[in-house]
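Student: Here it is, the structure, as structure tokens.
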Amino acid sequence: MSTKTRRRRPEARPDEILDAALSVFVEQGFTAARVEDIAKRAGLSKGAVYLYFPSKEAMLKALVEQSAGALATAAERLVSVGAPRDPEAALRGVIFMMITAMTDPDISAAPRLVLTEAHRFPDIAAHYRDRVLETARRAIATLAADGVKAGIFRPVDADMLMRCIGGPCLGHMMLASAFDFHPQDLKEPVDVADALSDLLLHGLKPREDA
């Protein structure tokens with residue numbers, strides 16, 4: 001092990017390991033990735049990696065919490081602060097936050113890995129559901145209730161609203177990242193978010209103020 005590696009601050013190592021793991025997972029696929037390759041990429045021994053993460057699954061769970069988990073928590077905070085004052089602005093803010101994050105490869109990589117591996121690793125799927133989806137569910141339920149209370153939204157099923165928000169954002173991420181298929185006339189994330197928000201809030205029927 002090099003002098004540089006030995007002098008590395010121990011508290012920095014988990015993040016370095018996770019950075020290396022994400023790179024290896026993306027390049028090789030989660031199933032094919034080896035802890036030896038992750039250790040080499042991080043400049044550590046295999047044993048040193050195991051001091052922080054007992055398995056590849058533990059690394060992917062930590063990556064989920066770094067990315068999608070942090071995003072869901074941030075959305076919940078946005079809703080708790082903004083929805084009581086302006087539910088529509090909070091809704092638009094959540095959609096903009098999701099679109100911006102999902103078009104960032106560093107943030108969207110871990111959720112994409114979970115989507116491809118969830119059926120083979122039910123424990124990872126359960127972790128994603130508990131740490132990401134349940135947080136998102138609480139945020140959307142709060143948003144829906146505040147919107148009804150303010151007279152801005154009509155009563156709807158909160159779980160279906162969650163799907164109506166998350167589905168298009170997830171679809172946009174997959175189309176852009178997997179197929180390089182982008183909206184022809186909407187180049188910036190804020191424009192995509194505004195278009196999705198308008199469709200969700202107003203549907204396809206002509207608007208009186210149009």
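Naming scheme: A, B, ... for chains in displayed order of the structure tokens; residues 1 onward per chain; ligands 1 onward as shown.
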Give the helix (DSSP H, G or I) residues of range 24-203 of chain A, as assigned by DSSP on the backbone, as a ChimeraX atom specification.
Tutor: /A:24-28,35-42,46-52,56-82,87-102,105-117,122-149,158-179,189-202
Student: Which residues come within 9 Å of Ile99 in chain A, counting only C-alpha atoms, excluding same-chain residues fewer than 6 positions away, as a ChimeraX atom specification?
Tutor: /A:169-170,172-173,189-190,192-193
Student: Using only C-alpha atoms, which residues of range 101-151 of chain A come within 12 Å of range 47-57 of chain A, and what is the closest atom pair for each, with the distance in Å to one decimal? Give it as a Markdown table, sorted by chain and residue number.
Tutor:
| residue | atom | partner | partner_atom | distance |
| --- | --- | --- | --- | --- |
| A:Ala110 | CA | A:Glu57 | CA | 11.7 |
| A:Leu113 | CA | A:Glu57 | CA | 11.3 |
| A:Val114 | CA | A:Glu57 | CA | 10.4 |
| A:Glu117 | CA | A:Glu57 | CA | 10.5 |
| A:Ala118 | CA | A:Glu57 | CA | 11.1 |
| A:Arg120 | CA | A:Glu57 | CA | 11.4 |
| A:Phe121 | CA | A:Glu57 | CA | 8.4 |
| A:Pro122 | CA | A:Glu57 | CA | 10.6 |
| A:Asp123 | CA | A:Glu57 | CA | 8.5 |
| A:Ile124 | CA | A:Glu57 | CA | 6.9 |
| A:Ala125 | CA | A:Glu57 | CA | 10.6 |
| A:Ala126 | CA | A:Glu57 | CA | 11.9 |
| A:His127 | CA | A:Glu57 | CA | 10.3 |
| A:Tyr128 | CA | A:Glu57 | CA | 11.8 |
Student: Please dump the current selection as an mmCIF file, in the first residue's frame; keep all heavy atoms.
Tutor:
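In the end it all went to selection_28.cif:
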data_model
loop_
_atom_site.group_PDB
_atom_site.id
_atom_site.type_symbol
_atom_site.label_atom_id
_atom_site.label_comp_id
_atom_site.auth_asym_id
_atom_site.auth_seq_id
_atom_site.Cartn_x
_atom_site.Cartn_y
_atom_site.Cartn_z
ATOM 1 N N ALA A 110 -27.319 5.264 -9.304
ATOM 2 C CA ALA A 110 -27.720 4.257 -8.310
ATOM 3 C C ALA A 110 -29.172 3.835 -8.482
ATOM 4 O O ALA A 110 -29.470 2.627 -8.470
ATOM 5 C CB ALA A 110 -27.454 4.763 -6.898
ATOM 6 N N LEU A 113 -29.386 1.436 -11.316
ATOM 7 C CA LEU A 113 -28.877 0.119 -10.936
ATOM 8 C C LEU A 113 -29.929 -0.667 -10.163
ATOM 9 O O LEU A 113 -30.121 -1.869 -10.385
ATOM 10 C CB LEU A 113 -27.611 0.271 -10.086
ATOM 11 C CG LEU A 113 -26.327 0.627 -10.831
ATOM 12 C CD1 LEU A 113 -25.250 1.068 -9.849
ATOM 13 C CD2 LEU A 113 -25.829 -0.559 -11.645
ATOM 14 N N VAL A 114 -30.622 0.014 -9.249
ATOM 15 C CA VAL A 114 -31.654 -0.670 -8.469
ATOM 16 C C VAL A 114 -32.761 -1.172 -9.385
ATOM 17 O O VAL A 114 -33.265 -2.297 -9.224
ATOM 18 C CB VAL A 114 -32.222 0.268 -7.389
ATOM 19 C CG1 VAL A 114 -33.433 -0.375 -6.703
ATOM 20 C CG2 VAL A 114 -31.159 0.578 -6.336
ATOM 21 N N GLU A 117 -31.598 -4.361 -11.013
ATOM 22 C CA GLU A 117 -31.212 -5.474 -10.140
ATOM 23 C C GLU A 117 -32.267 -5.848 -9.102
ATOM 24 O O GLU A 117 -32.110 -6.857 -8.411
ATOM 25 C CB GLU A 117 -29.903 -5.125 -9.409
ATOM 26 C CG GLU A 117 -28.735 -4.810 -10.317
ATOM 27 C CD GLU A 117 -28.247 -6.023 -11.096
ATOM 28 O OE1 GLU A 117 -28.638 -7.156 -10.753
ATOM 29 O OE2 GLU A 117 -27.460 -5.837 -12.042
ATOM 30 N N ALA A 118 -33.334 -5.073 -8.981
ATOM 31 C CA ALA A 118 -34.284 -5.270 -7.887
ATOM 32 C C ALA A 118 -34.890 -6.672 -7.887
ATOM 33 O O ALA A 118 -35.080 -7.270 -6.819
ATOM 34 C CB ALA A 118 -35.388 -4.220 -7.964
ATOM 35 N N ARG A 120 -33.557 -9.414 -8.752
ATOM 36 C CA ARG A 120 -32.594 -10.428 -8.321
ATOM 37 C C ARG A 120 -32.142 -10.228 -6.880
ATOM 38 O O ARG A 120 -31.599 -11.145 -6.262
ATOM 39 C CB ARG A 120 -31.361 -10.418 -9.242
ATOM 40 C CG ARG A 120 -31.594 -11.147 -10.547
ATOM 41 C CD ARG A 120 -30.367 -11.122 -11.411
ATOM 42 N NE ARG A 120 -30.185 -9.812 -12.038
ATOM 43 C CZ ARG A 120 -29.364 -9.588 -13.065
ATOM 44 N NH1 ARG A 120 -28.625 -10.569 -13.533
ATOM 45 N NH2 ARG A 120 -29.249 -8.398 -13.599
ATOM 46 N N PHE A 121 -32.350 -9.035 -6.359
ATOM 47 C CA PHE A 121 -31.905 -8.720 -5.010
ATOM 48 C C PHE A 121 -33.065 -8.075 -4.243
ATOM 49 O O PHE A 121 -33.129 -6.843 -4.101
ATOM 50 C CB PHE A 121 -30.692 -7.786 -5.040
ATOM 51 C CG PHE A 121 -29.487 -8.386 -5.697
ATOM 52 C CD1 PHE A 121 -29.270 -8.223 -7.059
ATOM 53 C CD2 PHE A 121 -28.580 -9.130 -4.956
ATOM 54 C CE1 PHE A 121 -28.158 -8.786 -7.668
ATOM 55 C CE2 PHE A 121 -27.466 -9.692 -5.558
ATOM 56 C CZ PHE A 121 -27.256 -9.525 -6.918
ATOM 57 N N PRO A 122 -33.997 -8.868 -3.748
ATOM 58 C CA PRO A 122 -35.178 -8.317 -3.083
ATOM 59 C C PRO A 122 -34.841 -7.483 -1.852
ATOM 60 O O PRO A 122 -35.596 -6.570 -1.502
ATOM 61 C CB PRO A 122 -35.989 -9.558 -2.705
ATOM 62 C CG PRO A 122 -35.046 -10.712 -2.807
ATOM 63 C CD PRO A 122 -34.050 -10.334 -3.845
ATOM 64 N N ASP A 123 -33.716 -7.765 -1.217
ATOM 65 C CA ASP A 123 -33.334 -6.974 -0.049
ATOM 66 C C ASP A 123 -32.997 -5.544 -0.446
ATOM 67 O O ASP A 123 -33.322 -4.590 0.275
ATOM 68 C CB ASP A 123 -32.138 -7.634 0.648
ATOM 69 C CG ASP A 123 -31.813 -6.961 1.971
ATOM 70 O OD1 ASP A 123 -32.736 -6.780 2.780
ATOM 71 O OD2 ASP A 123 -30.632 -6.618 2.195
ATOM 72 N N ILE A 124 -32.363 -5.382 -1.612
ATOM 73 C CA ILE A 124 -32.062 -4.042 -2.109
ATOM 74 C C ILE A 124 -33.348 -3.324 -2.501
ATOM 75 O O ILE A 124 -33.528 -2.135 -2.227
ATOM 76 C CB ILE A 124 -31.091 -4.125 -3.300
ATOM 77 C CG1 ILE A 124 -29.713 -4.596 -2.812
ATOM 78 C CG2 ILE A 124 -30.976 -2.783 -4.018
ATOM 79 C CD1 ILE A 124 -28.712 -4.827 -3.920
ATOM 80 N N ALA A 125 -34.262 -4.058 -3.128
ATOM 81 C CA ALA A 125 -35.553 -3.465 -3.489
ATOM 82 C C ALA A 125 -36.303 -3.006 -2.247
ATOM 83 O O ALA A 125 -36.902 -1.917 -2.227
ATOM 84 C CB ALA A 125 -36.384 -4.466 -4.276
ATOM 85 N N ALA A 126 -36.290 -3.831 -1.195
ATOM 86 C CA ALA A 126 -36.970 -3.468 0.048
ATOM 87 C C ALA A 126 -36.328 -2.240 0.681
ATOM 88 O O ALA A 126 -37.027 -1.363 1.216
ATOM 89 C CB ALA A 126 -36.947 -4.645 1.017
ATOM 90 N N HIS A 127 -35.012 -2.177 0.623
ATOM 91 C CA HIS A 127 -34.304 -1.016 1.174
ATOM 92 C C HIS A 127 -34.699 0.250 0.417
ATOM 93 O O HIS A 127 -34.945 1.300 1.039
ATOM 94 C CB HIS A 127 -32.799 -1.240 1.065
ATOM 95 C CG HIS A 127 -31.972 -0.131 1.643
ATOM 96 N ND1 HIS A 127 -31.706 -0.019 2.980
ATOM 97 C CD2 HIS A 127 -31.346 0.930 1.049
ATOM 98 C CE1 HIS A 127 -30.958 1.042 3.200
ATOM 99 N NE2 HIS A 127 -30.725 1.632 2.038
ATOM 100 N N TYR A 128 -34.765 0.168 -0.909
ATOM 101 C CA TYR A 128 -35.163 1.326 -1.726
ATOM 102 C C TYR A 128 -36.602 1.737 -1.397
ATOM 103 O O TYR A 128 -36.902 2.930 -1.284
ATOM 104 C CB TYR A 128 -35.028 0.979 -3.204
ATOM 105 C CG TYR A 128 -35.090 2.170 -4.119
ATOM 106 C CD1 TYR A 128 -33.913 2.811 -4.515
ATOM 107 C CD2 TYR A 128 -36.297 2.658 -4.597
ATOM 108 C CE1 TYR A 128 -33.948 3.910 -5.365
ATOM 109 C CE2 TYR A 128 -36.343 3.756 -5.441
ATOM 110 C CZ TYR A 128 -35.175 4.377 -5.825
ATOM 111 O OH TYR A 128 -35.223 5.470 -6.658
#
Student: Please provide the set of residues having any atom within 10 Å of range 86-97 of chain A, restricted to only C-alpha atoms, with same-chain residues fewer than 3 positions apart removed, written as a ChimeraX atom specification.
Tutor: /A:71-72,74-76,78-83,100-102,139-140,142-153,165-166,168-169,189-198,200-201
Student: Provide the CA of Phe181 in chain A to CA of Gln66 in chain A distance in Å, to one decimal place.
Tutor: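 Here the two named atoms are 26.7 Å from each other.
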Student: For the atom pair CA of Leu133 in chain A and CA of Arg34 in chain A, what is the interatomic distance in Å to one decimal place?
Tutor: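 That distance, rounded to one decimal, is 28.3 Å.
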Student: May I ask which of the residues A:Lys187, A:Arg129, A:Arg137, A:Arg154 is the closest one to Lys61 in chain A, counting only C-alpha atoms?
Tutor: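 Looking only at the distances to Lys61 in chain A, the closest residue turns out to be A:Arg129.
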Student: What does the distance between CA of Lys205 in chain A and CA of Asp185 in chain A come to in Å, to one decimal place?
Tutor: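 Here the two named atoms are 20.8 Å from each other.
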Student: Of the candidates A:Leu44, A:Leu18, A:Ala39, A:Ala70, which one gets nearest to Ala58 in chain A if we count only C-alpha atoms?
Tutor: A:Leu18
